[in-house]
Every structure is written in structure tokens, then in C-alpha cells.
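Enquirer: Structure in C-alpha cells, see below.
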Amino acid sequence: MELDSKAPGGPIETRWDRHRFNLKLVNPANKRKHTIIVVGTGLAGGSAAATLAELGYNVLSFCFQDSPRRAHSIAAQGGINAAKNYHNDGDSVYRLFYDTVKGGDFRARESNVYRLAQISLNIIDQCVAQGVPFAREYSGYLDNRSFGGAQVSRTFYARGQTGQQLLLGAYQALERQIGAGQVKMFPRTEMLDLIVIDGRARGIVTRDLITGKVASYLADAVVLGTGGYGNVYYLSTNAKGSNATAIWRAHKRGALFANPCYTQIHPTCIPVSGDYQSKLTLMSESLRNDGRVWVPLKAGDKRAPNQIPENERDYYLERRYPSFGNLVPRDVASRNAKFVCDEGRGVGETGLAVYLDFRDAIARLGRRVIQERYGNLFDMYERITGEDPYQVPMRIYPAIHYTMGGLWVDYNLMSTIPGLYVIGEANFSDHGANRLGASALMQGLADGYFVLPNTINDYLASQKLEKVDTGHAAVREAESNVTCVTRRLLEIKGTRSVDSFHRELGKLMWDYCGMSRTAEGLKYALGRIPELREQFWREVRVLGSGEELNQSLEKAGRVADFFELSELMCLDALERNESCGGHFREEYQTPDGEALRNDNDYAYVAAWGFRGVGNRPELYKEPLNFEYVHPAQRSYK
Amino acid sequence: MRIILHIWRQANPEARGRMVRYEVPNVNEHMSFLEMLDVLNEDLIARGEDPVAFDHDCREGICGMCGCMVNGVAHGPLPGTTLCQLHMRHFKDGDELYLEPWRARAFPVVKDLIVDRSAFDRLIAAGGFISASTGSAPDGNAILVPKTDADRAMDAAACIGCGACVAMCPNASASLFMGAKLSHLGLLPQGQPERERRALAMVAQAKAEMFGSCTNIGECEAVCPKDIRLEVIARMNRDFFAAAWNGRAALRDDAAEVGQQPLAGVRR
């Protein structure tokens with residue numbers, strides 16, 4: 001299979017316009033003859049469902065939560081980037097494009113990134129019109145702040161709850177269409193398989209999470225906006241329910257999975273406190289503006305932080321990166337925290353934490369200023385840890401936060417299965433090997449509000465889609481596949497809970513496919529995961545039945561998919577013999593410990609085709625060409 | 001420490017529920033409340049008993065999915081805190097806690113501590129939005145919003161839709177929830193054209209959903225994990241009366257229609 005990105009050529013500034021003009025349209029009267037399925041109601045799925053309905057399509061929208069407003073986009077704190085240049089500080093579409101390609105360590109498709117930067121302008125306008133209460137200056141104009149990896153102020157925000165407010169905007173737009181009858185909403189309904197008929201995506205099989213009823217829904221196209229797969233690691237900043245089942249089962253039906261090893265680890269999270277820990281909580285990156293990161297100079301120093309004198313502290317980020325200091329990008333900050341903890345200099349009970357200290361900032365600016373800037377974060381920290389960060393330094397440690405990999409899509413956001421579109425974090429498209437802060441919200445909304453609603457017309461207008469019904473053999477086959485998996489899980493009646501397997505898998509992935517990776521470790525994991533997977537299918541205990549609300553059963557299905565996906569992540573990480581962005585292979589680093597890319601051999605997107613559980617997947621490569629931003633070593637020294 | 005739990009167990013909406021006593025012997029003070037329930041559930045699974053069903057997702061206090069009554073107080077004893085952010089250090093060895101689902105006619109129990117809050121979605125679908133279809137927006141800075149208005153709109157918009165206000169209200173009123181949305185949108189210039197229609201439609205829908213009326217008791221404000229103020233209910237009442245007094249028959253007809261018919265797309 002040749003991977004055709006369909007990315008247009010010619011001057012980058014006009015690529016999207018020219019491409020859009022060449023796309024076929026569906027006339028308004030014909031739109032109502034089409035039905036589109038949208039799975040997921042986060043920023044990408046919610047905005048897409050609302051916009052497609054506004055255009056006149058019939059939309060079926062699905063989410064596993066009790067309401068579309070719960071999607072995990074809601075937890076994004078910091079902000080959303082847009083190249084408005086409202087501050088006259090030298091920003092431009094081109095600069096946002098440049099920063100994103102560079103921040104992604106030169107592993108993203110230039111055409112996509114440029115389009116994203118262009119659309120960023122429309123997103124802010126759209127959200128303001130919907131009533132998103134962005135922060136304002138006293139003049140009434142929109143306020144901005146700066147974020148990691150950029151030297152301009154282009155981040156729009158709504159306190160520390162930007163994701164919540166943007167999601168509520170999309171959710172309200174979606175509810176408006178639900179009220180109008182243009183969208184039919186299916187909450188507490190989980191997609192468990194994709195229906196492919198004559199090589200095209202034509203529907204999904206779902207399980208009603210309350211009654212357990214398995215049902216099929218058919219449409220002319222299927223859109224997945226189901227988020228990332230960070231929960232492979234068990235402990236992450238993702239919501240407990242976030243899962244990879246929709247994209248993984250689409251992958252098993254033929255959609256290629258791109259760059260699975262690109263995972264982002266956020267440097268400032270509250271560390272693990274015990275083995276009952278169920279998730280990790282992020283503390284906004286903005287804290288690094290005033291907090292200083294340090295560990296004791298000597299390994300095993302167990303004194304309380306305030307008793308360690310200045311000359312026995314190692315402010316390692318300031319020491320190693322004098323020009324960026326505590327504000328180095330996420331991947332660099334995370335790796336360095338791991339290095340010092342590996343040296344035995346980590347702090348806290350577990351030794352897996354570093355200090356983020358506001359003592360100097362409080363002395364310099366006064367407690368009131370710090371309270372104004374970070375009061376809510378300090379409160380949250382105290383609520384969780386029981387420690388007062390005004391008095392003792394915060395303890396932080398990196399945690400899995402975002403996955404840049406996902407289903408492969410072309411410039412139209414269509415996967416390798418015709419009629420299957422993938423948007424937001426679920427696809428691999430725009431962030432390369434590392435995502436910049438405040439860019440996830442931008443991408444989700446760009447895909448959902450502005451890209452997909454333009455590109456999907458072209459597919460619908462150019463296909464002759466036969467009418468199908470739920471009696472079709474492919475529908476029956478997919479339904480029986482879903483029922484079989486459910487039955488199999490319930491019949492094992494083993495001895496170990498789903499969570500205990502998930503924790504064990506997560507620990508293995510964190511140790512061998514986490515912040516830094518080695519060929520040896522990855523090979524070990526690739527040997528261990530299948531063993532653990534087989535053990536899961538022999539020993540897992542799922543109580544109850546399939547015909548009721550059964551949370552263990554829901555989890556079991558998701559964890560079964562994590563087992564298969566984690567193997568692919570390790571394989572991809574092993575095959576990529578270079579370090580880039582979130583993928584750090586210890587064998588490939590510069591003499592002073594920085595990531596060493598290999599542009600000659602690895603400037604490609606690795607897209608994997610499924611060949612059966614336990615079989616080696618097929619690798620397809622989409623070469624990446626850089627016509628505008630020329631690959632260079634990132635330096636933050 | 002050892003915690004004794006009495007938990008409402010109800011197999012499905014039709015089944016008869018009852019309180020069941022459990023002991024969790026090794027509770028660590030750094031656990032969150034939900035992590036304590038995880039530990040209980042692992043234990044129940046090991047013993048072959050059906051684990052307790054409870055709603056939760058983000059576990060960082062923003063998705064609004066979790067929540068139950070703890071000794072009669074929605075989200076438990078700590079002010080301004082969702083159940084997932086409540087930690088066990090606020091309890092002591094031997095404490096007995098009674099956990100019940102949200103109680104309200106509009107929130108029927110689904111299973112154990114899980115309730116159906118889709119009535120909230122239908123309130124929003126009735127009018128809790130600004131009709132700004134994608135593509136029609138002017139430049140973001142073309143609409144100036146005074147900072148104080150933006151800040152107050154944000155205060156109201158912080159609502160996470162958890163339903164604690166309804167559960168705590170003796171009338172099971174959704175006024176704090178509706179007031180928060182009406183204030184968020186009504187404080188912004190973008191929200192003005194639909195302001196009256198919005199108030200009428202949401203209030204009518206609340207009646208159809210069997211939420212009670214507000215009698216200014218204030219329990220909702222006391223348990224709101226996001227500190228939404230009673231002031232938003234005053235705003236709602238003002239918008240509603242303004243709309244009603246203006247006597248726009250057309251608006252009233254619209255609202256009545258919304259209230260009486262099940263909205264399209266609503267399943268349960």
C-alpha cells in the first residue's frame with residue numbers, strides 16, 4: 001500500500017485554500033440525505049458533530065460518559081494558541097507554524113501544521129462568539145499569556161480552565177443541535193467495533209453501558225474523535241475512562257496506526273503516593289515561570305527541604321540550561337527529572353520526585369503576588385497532598401499526559417479505510433514527536449470545526465454508497481465479534497481483577513517504554529507483554545453479566561486492547577533508532593545527553609498495519625519532506 | 001485507619017435498594033475518597049461479590065461525573081471540593097460513613113450510587129447556548145467585554161454540572177445549575193439577543209423535568225464544589241420575569257413547546 005497524504009504542493013500559504021476549492025461539495029438539499037456517525041464528544045468530536053449538524057447532515061453522536069460535557073478535554077488547564085498577534089510582538093501564522101514544526105522535533109507534516117496555524121485565528125473568533133469567557137484586559141480586549149516553546153504571547157485562556165470553557169462551548173453548540181433534532185445523542189454508549197462494507201467504513205457496533213444491549217448503527221461515514229491512549233500506562237493524567245478501544249478496533253479493521261511510540265510526558269505532576277494510586281494530577285506548566293526546580297546535591301539526603309542549605313542544592317535545570325532554565329520544553333524537563341532520580345537524588349518517600357520551590361519567588365514578589373498568580377493551583381496541591389506549598393516546596397514528578405501517535409490520516413483527515421475519519425488526539429497528524437503546550441485544544445477544534453466539515457463533503461459527493469441495513473453479513477459478523485469478546489471475558493472467571501493486570505502492564509510500559517527507552521528494555525517488554533496478555537485471558541475475573549451496567553466488564557475490554565496496543569508501541573519504539581521529541585532512546589544522544597535525531601534514516605511517519613494478535617504488524621512509511629522549516633538540532637542551552 | 005461504610009446498593013432502576021455495611025480496614029490518609037472505594041471494590045471482587053458501581057472519570061474535580069451523599073452532605077464534608085478531590089486525611093479511624101446516590105425525582109437511580117442526570121443536558125438543549133454557527137463569527141476582538149463582566153461570567157461558567165445542588169436542595173431544584181448558565185451567557189454581550197428566550201425555555205424545561213422550584217434555602221450554594229453563588233438564581237429570576245413581563249407571546253409559546261415535548265435526540 002502506498003500512503004498518499006494528499007497534501008497539496010505549491011506555496012504553503014495557499015495550500016489549504018487551493019485544496020478546499022478542489023474539493024467537491026454536497027448541495028444543501030442533499031446533505032440531509034446523509035448520516036454521519038461521530039464517536040466521542042470532546043473538543044474534536046463535539047465540535048465536529050455540532051458543525052456537521054449545522055451544515056444539515058444527520059448526525060449520530062456517541063460517548064461513553066453520562067453526558068457529552070464530561071469528555072476529558074474538559075480537564076485541559078493552560079490555554080489555546082492562536083497566531084492573532086494582538087500584542088504586536090512579532091507573531092504570525094508562519095511563526096506558529098515554525099514553532100510547531102520545530103517543537104515537534106521535525107516529525108510532522110508541514111502542510112497540516114501550516115493549515116493548523118492558519119485556522120487558529122478562526123477558532124478564537126468562533127469560541128468568543130459562542131460565549132467562551134476568555135480572560136480580558138481592562139480595556140475589554142482579549143488577554144494572552146506565554147507558554148513553553150514560544151517567545152511570543154499567543155495563548156488565550158479562561159483562568160486555569162480553558163479546556164472546560166472551550167468544551168462547554170462545543171457542548172452547548174452540540175446540545176443546540178440535539179434540541180433541534182439534527183443530532184441524535186447516545187450517551188453511556190461505547191463503540192466496540194467498526195463496520196466495514198465493500199472496503200468502506202459504514203457504521204459501528206456499540207454496547208449500551210446501562211442495559212448491555214449490543215446494537216449496530218449505520219451511516220455514510222464514521223468519524224472518530226475518541227482521544228489518546230495515555231491510559232496504557234495505567235497512571236496518567238488522563239481520565240479513568242479514557243481508552244483506545246475505538247481507534248484500536250478500527251486499526252484491527254484495517255486503519256493504519258501511526259507513530260505509536262510518540263508519547264508526551266508532562267514534567268509537573270503530583271507524584272505517586274502509594275500503590276492504591278488511581279491517577280496522576282497535573283499542575284499547570286505555568287508554575288515553572290516562578291518555581292525553581294531542585295534536588296539535593298548528595299544522593300540519599302533525607303533532610304527536610306528547608307534544612308538543606310543553598311550550597312547543597314542542585315538547581316539542575318538552571319545549571320544545565322542557563323538560557324532557558326526552568327522553562328525548557330516538556331520533554332527536556334521530564335527527562336532531567338528522571339536522570340536525577342535515577343542517581344538516587346529524588347525526594348519524598350518514594351524517591352521519585354523533585355522539588356519545585358517558590359521560596360525565592362515569595363521572597364522577591366511577596367506572598368500576595370504568588371497567591372494571585374497560582375492560588376488555585378496551590379490550593380489544589382494542598383488538597384491532594386496535605387502540604388502547604390507556601391511553606392515547603394512542592395514535590396513534582398513527570399507523568400504520561402498526551403499521545404502524539406494515533407490513527408494515520410491524510411490531509412483530509414481520512415484514515416486508510418475510506419469513509420473513516422479520525423480527528424483530535426485520536427489521529428497522529430500535527431504535533432510530530434512532541435506537542436507544544438496549548439496546542440492540543442487548537443488541534444481538536446481546528447479538526448472539528450473547520451477541517452473535517454470541509455473535507456468530508458468531498459468523500460460523500462464522490463462516492464456511490466449502496467444502501468445497507470443491519471441484516472448485512474458484515475454487520476452480523478461485527479456484532480457477533482463484540483458479543484464473543486464480552487462472553488469470553490465473562491467466562492474466564494479467574495482470580496485477578498482487571499485493575500491488577502492494568503497496573504502491571506502500566507508499570508512495565510512506564511519502566512521500559514516511558515521517559516527513556518533502550519533496545520534491550522524494549523525487547524524485554526516485547527517478550528513480557530504477550531505473556532501477561534495470555535495470563536490476562538486466562539486469569540482475569542470479571543463478575544456479573546453482560547446484560548447490565550458492569551464497570552468491570554467495560555474496563556476489561558479496554559485493558560484487553562491496551563495489551564495489544566502496548567506491544568505495538570514497544571515495537572515502534574524499538575524500530576525507531578533515534579531520539580526525537582517524546583521518544584528518547586538512550587543509545588541515541590549527544591555527548592551532553594540531549595536527543596539525537598537521525599534525519600537521514602528516520603524522517604518518516606511509521607504507519608503500522610494490523611496482521612493479527614501476536615503477529616508482526618506491517619510497516620508502511622510516509623516520508624516527511626521539509627520545504628520550509630529546515631531540520632536542525634533543537635537547543636535550549 | 002479503619003472506615004465503616006454503609007452504601008446504597010440497588011441493582012437497577014426497578015430493583016429495591018438497601019443500605020449495606022462494609023468495612024475498609026487499611027485506609028491510607030493520602031488516599032482520595034474514590035481510591036478508598038477502589039480498594040473496597042478490589043476486595044469485593046476478590047470475595048466474588050459485585051463491586052459498588054459509582055460514576056467518576058477525571059478524578060481532578062472538573063468533569064463533574066462523580067459525587068454522592070456522604071452522611072447526608074453532597075460531595076462530603078469539605079467545602080468547595082468534589083468527592084474525587086476529597087482525601088481520607090479529613091476522616092478519622094473508626095468513622096462510619098453513609099453513602100447514598102443523589103436523590104431527586106429528576107435524577108433516577110441507575111445502579112448503586114449512579115444516577116441519570118440527562119435532565120441537565122436537556123436543560124441546556126432547551127436554550128443554554130448562544131446560537132453562533134461555525135464560520136459566522138467576527139474577529140475575537142470585535143466584541144469587547146469589560147473585564148469585570150468576563151470575570152463574573154467565568155465565575156458562573158465554572159459550573160461542572162455534577163448535580164450536587166439538586167441533590168442537596170430540599171425541593172430538588174435545578175435553579176443553581178440553570179442560574180449559572182443563564183448568568184454565564186447573560187453577562188456577555190454575545191448572549192444578549194437570546195437572553196429572554198433562553199430564560200423562558202430553560203425554566204419551562206426544568207418544570208417538565210420535574211425539578212422543584214427555588215425557595216431561597218441556600219443548601220445548593222453551600223455544597224457547590226465550584227462556589228457558584230446564589231446571586232445567579234437572582235439573575236435567572238430577573239431574566240425570567242423580564243421576559244415574562246415583556247409579554248412576548250411568541251417567546252412564551254416557544255418555551256411552552258420546549259417544555260411539553262420530549263426533545264428530539266433524548267433517549268432516556
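Each chain in the C-alpha cells gets a letter, A, B, ..., in the order shown, and its residues are numbered from 1; ligands are numbered from 1 in order too.
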Hey, list the chain B side of the contact with chain A: 6 Å cut-off, only C-alpha atoms, answer as a compact mmCIF listing (two decimals) with N, CA and C atoms, in the first residue's frame.
Expert:
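Just written: selection-v9.txt:
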# COMPACT_ATOMS: atom_id res chain seq x y z
N ASP B 57 -14.71 10.04 36.55
CA ASP B 57 -13.91 9.99 35.32
C ASP B 57 -12.58 10.70 35.50
N CYS B 58 -12.58 12.05 35.55
CA CYS B 58 -11.29 12.76 35.51
C CYS B 58 -10.53 12.63 36.83
N CYS B 63 -14.60 17.21 35.69
CA CYS B 63 -15.53 16.62 34.72
C CYS B 63 -16.96 16.61 35.25
N ALA B 125 -30.03 21.83 26.20
CA ALA B 125 -30.56 21.73 24.82
C ALA B 125 -31.75 22.66 24.62
N PHE B 129 -27.42 28.02 25.37
CA PHE B 129 -26.35 28.19 24.38
C PHE B 129 -26.50 29.55 23.71
N ILE B 130 -25.48 29.92 22.96
CA ILE B 130 -25.58 31.07 22.07
C ILE B 130 -25.60 30.50 20.66
N ALA B 132 -24.44 30.44 17.58
CA ALA B 132 -23.41 31.01 16.71
C ALA B 132 -22.85 29.87 15.87
N ALA B 137 -18.55 33.89 12.90
CA ALA B 137 -18.05 34.79 13.94
C ALA B 137 -17.21 35.94 13.38
N ASP B 139 -14.16 38.92 14.16
CA ASP B 139 -12.88 38.81 14.86
C ASP B 139 -13.10 38.84 16.38
N GLY B 140 -12.31 38.04 17.09
CA GLY B 140 -12.47 37.93 18.54
C GLY B 140 -12.47 39.27 19.24
N ASN B 141 -11.63 40.20 18.81
CA ASN B 141 -11.54 41.50 19.47
C ASN B 141 -12.58 42.50 18.97
N LEU B 144 -16.04 43.62 22.41
CA LEU B 144 -15.33 43.98 23.65
C LEU B 144 -16.17 43.53 24.84
N VAL B 145 -15.50 42.95 25.81
CA VAL B 145 -16.20 42.51 27.02
C VAL B 145 -15.48 43.13 28.21
N PRO B 146 -16.15 43.98 28.99
CA PRO B 146 -15.50 44.56 30.17
C PRO B 146 -14.95 43.43 31.06
N LYS B 147 -13.77 43.67 31.62
CA LYS B 147 -13.10 42.61 32.38
C LYS B 147 -13.99 42.09 33.51
N ALA B 150 -16.50 39.75 32.14
CA ALA B 150 -15.87 38.49 31.73
C ALA B 150 -15.56 37.65 32.97
N MET B 154 -17.20 34.13 33.95
CA MET B 154 -16.35 32.96 34.20
C MET B 154 -16.68 32.31 35.55
N LEU B 263 -37.57 16.34 23.91
CA LEU B 263 -36.71 16.87 22.87
C LEU B 263 -36.21 15.74 21.99
N ALA B 264 -36.06 16.05 20.72
CA ALA B 264 -35.52 15.06 19.79
C ALA B 264 -34.13 14.66 20.26
N GLY B 265 -33.81 13.44 20.06
CA GLY B 265 -32.45 13.00 20.39
C GLY B 265 -32.30 12.56 21.83
Enquirer: Identify, with DSSP run on backbone atoms, the residues in segment 227-350 of chain A assigned to helix (DSSP H, G or I), and express the list as an MDAnalysis selection string.
Expert: chainID A and resid 230:233 245:252 285:289 305:307 310:312 316:320 325:327 330:342
Enquirer: His502 of chain A: which residues within 8 Å, counting only C-alpha atoms, same-chain residues fewer than 5 positions away excluded, as a PyMOL selection string?
Expert: chain A and resi 232-234+559
Enquirer: Write a file of the just-selected residues containing N, CA and C atoms, as a CSV table (one decimal), in the first residue's frame.
Expert:
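Saved result, again.csv, follows:
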chain,number,residue,atom,x,y,z
A,232,VAL,N,-2.7,3.5,28.6
A,232,VAL,CA,-2.0,2.3,28.5
A,232,VAL,C,-1.1,2.1,29.8
A,233,TYR,N,-0.6,3.3,30.3
A,233,TYR,CA,0.3,3.3,31.4
A,233,TYR,C,-0.3,3.2,32.7
A,234,TYR,N,-1.6,2.9,32.8
A,234,TYR,CA,-2.4,2.9,34.0
A,234,TYR,C,-2.4,4.3,34.7
A,559,VAL,N,-8.8,-2.8,28.7
A,559,VAL,CA,-7.5,-3.3,29.1
A,559,VAL,C,-7.0,-4.3,28.1
Enquirer: Using the chain letters and numbers from this document, which residues of segment 71-232 of chain B does DSSP assign to strand (DSSP E), as a count of residues only?
Expert: 12
Enquirer: Would you kindly return, as a PyMOL selection string, each protein, DNA or RNA residue with an atom no farther than 10 Å from any atom of Glu285 of chain A, considering only C-alpha atoms and excluding same-chain residues fewer than 5 positions away?
Expert: chain A and resi 77-78+147-148+266-269+327+329-330+437
Enquirer: Enter the distance from atom CA of Met404 of chain A to atom CA of Tyr262 of chain A, in Å, rounded to one decimal.
Expert: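 Atom-to-atom, atom CA of Met404 of chain A and atom CA of Tyr262 of chain A are spaced 5.3 Å apart.
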Enquirer: Find the residues near segment 183-188 of chain B: any atom within 6 Å, counting only C-alpha atoms, skip ones fewer than 3 places away on the same chain, and give them as a list in words.
Expert: Ala153, Ala156, Ala157, Gly179, Ala180, Gly191, Arg195 and Val232 of chain B
Enquirer: Have a look at atom CA of Arg288 of chain A and atom CA of Asp151 of chain B and let me know their distance in Å, one decimal.
Expert: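 Distance between the two atoms: 24.9 Å.
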Enquirer: Name the closest residue to Val39 of chain B among the candidates B:Arg235, B:Leu123, B:Pro51, B:Leu113; distances are taken between atoms, counting only C-alpha atoms.
Expert: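 Looking at the shortest contact to Val39 of chain B, the residue is B:Pro51.
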Enquirer: Name all residues at most 6 Å from segment 581-583 of chain A (count only C-alpha atoms; drop same-chain ones fewer than 5 positions away) and give them as a ChimeraX atom specification.
Expert: /A:105,262-264,331,433-434
Enquirer: Quick check, in Å to one decimal: how far apart do atom CA of Ala174 of chain B and atom CA of Met69 of chain B lie?
Expert: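 Atom-to-atom, atom CA of Ala174 of chain B and atom CA of Met69 of chain B are spaced 16.9 Å apart.
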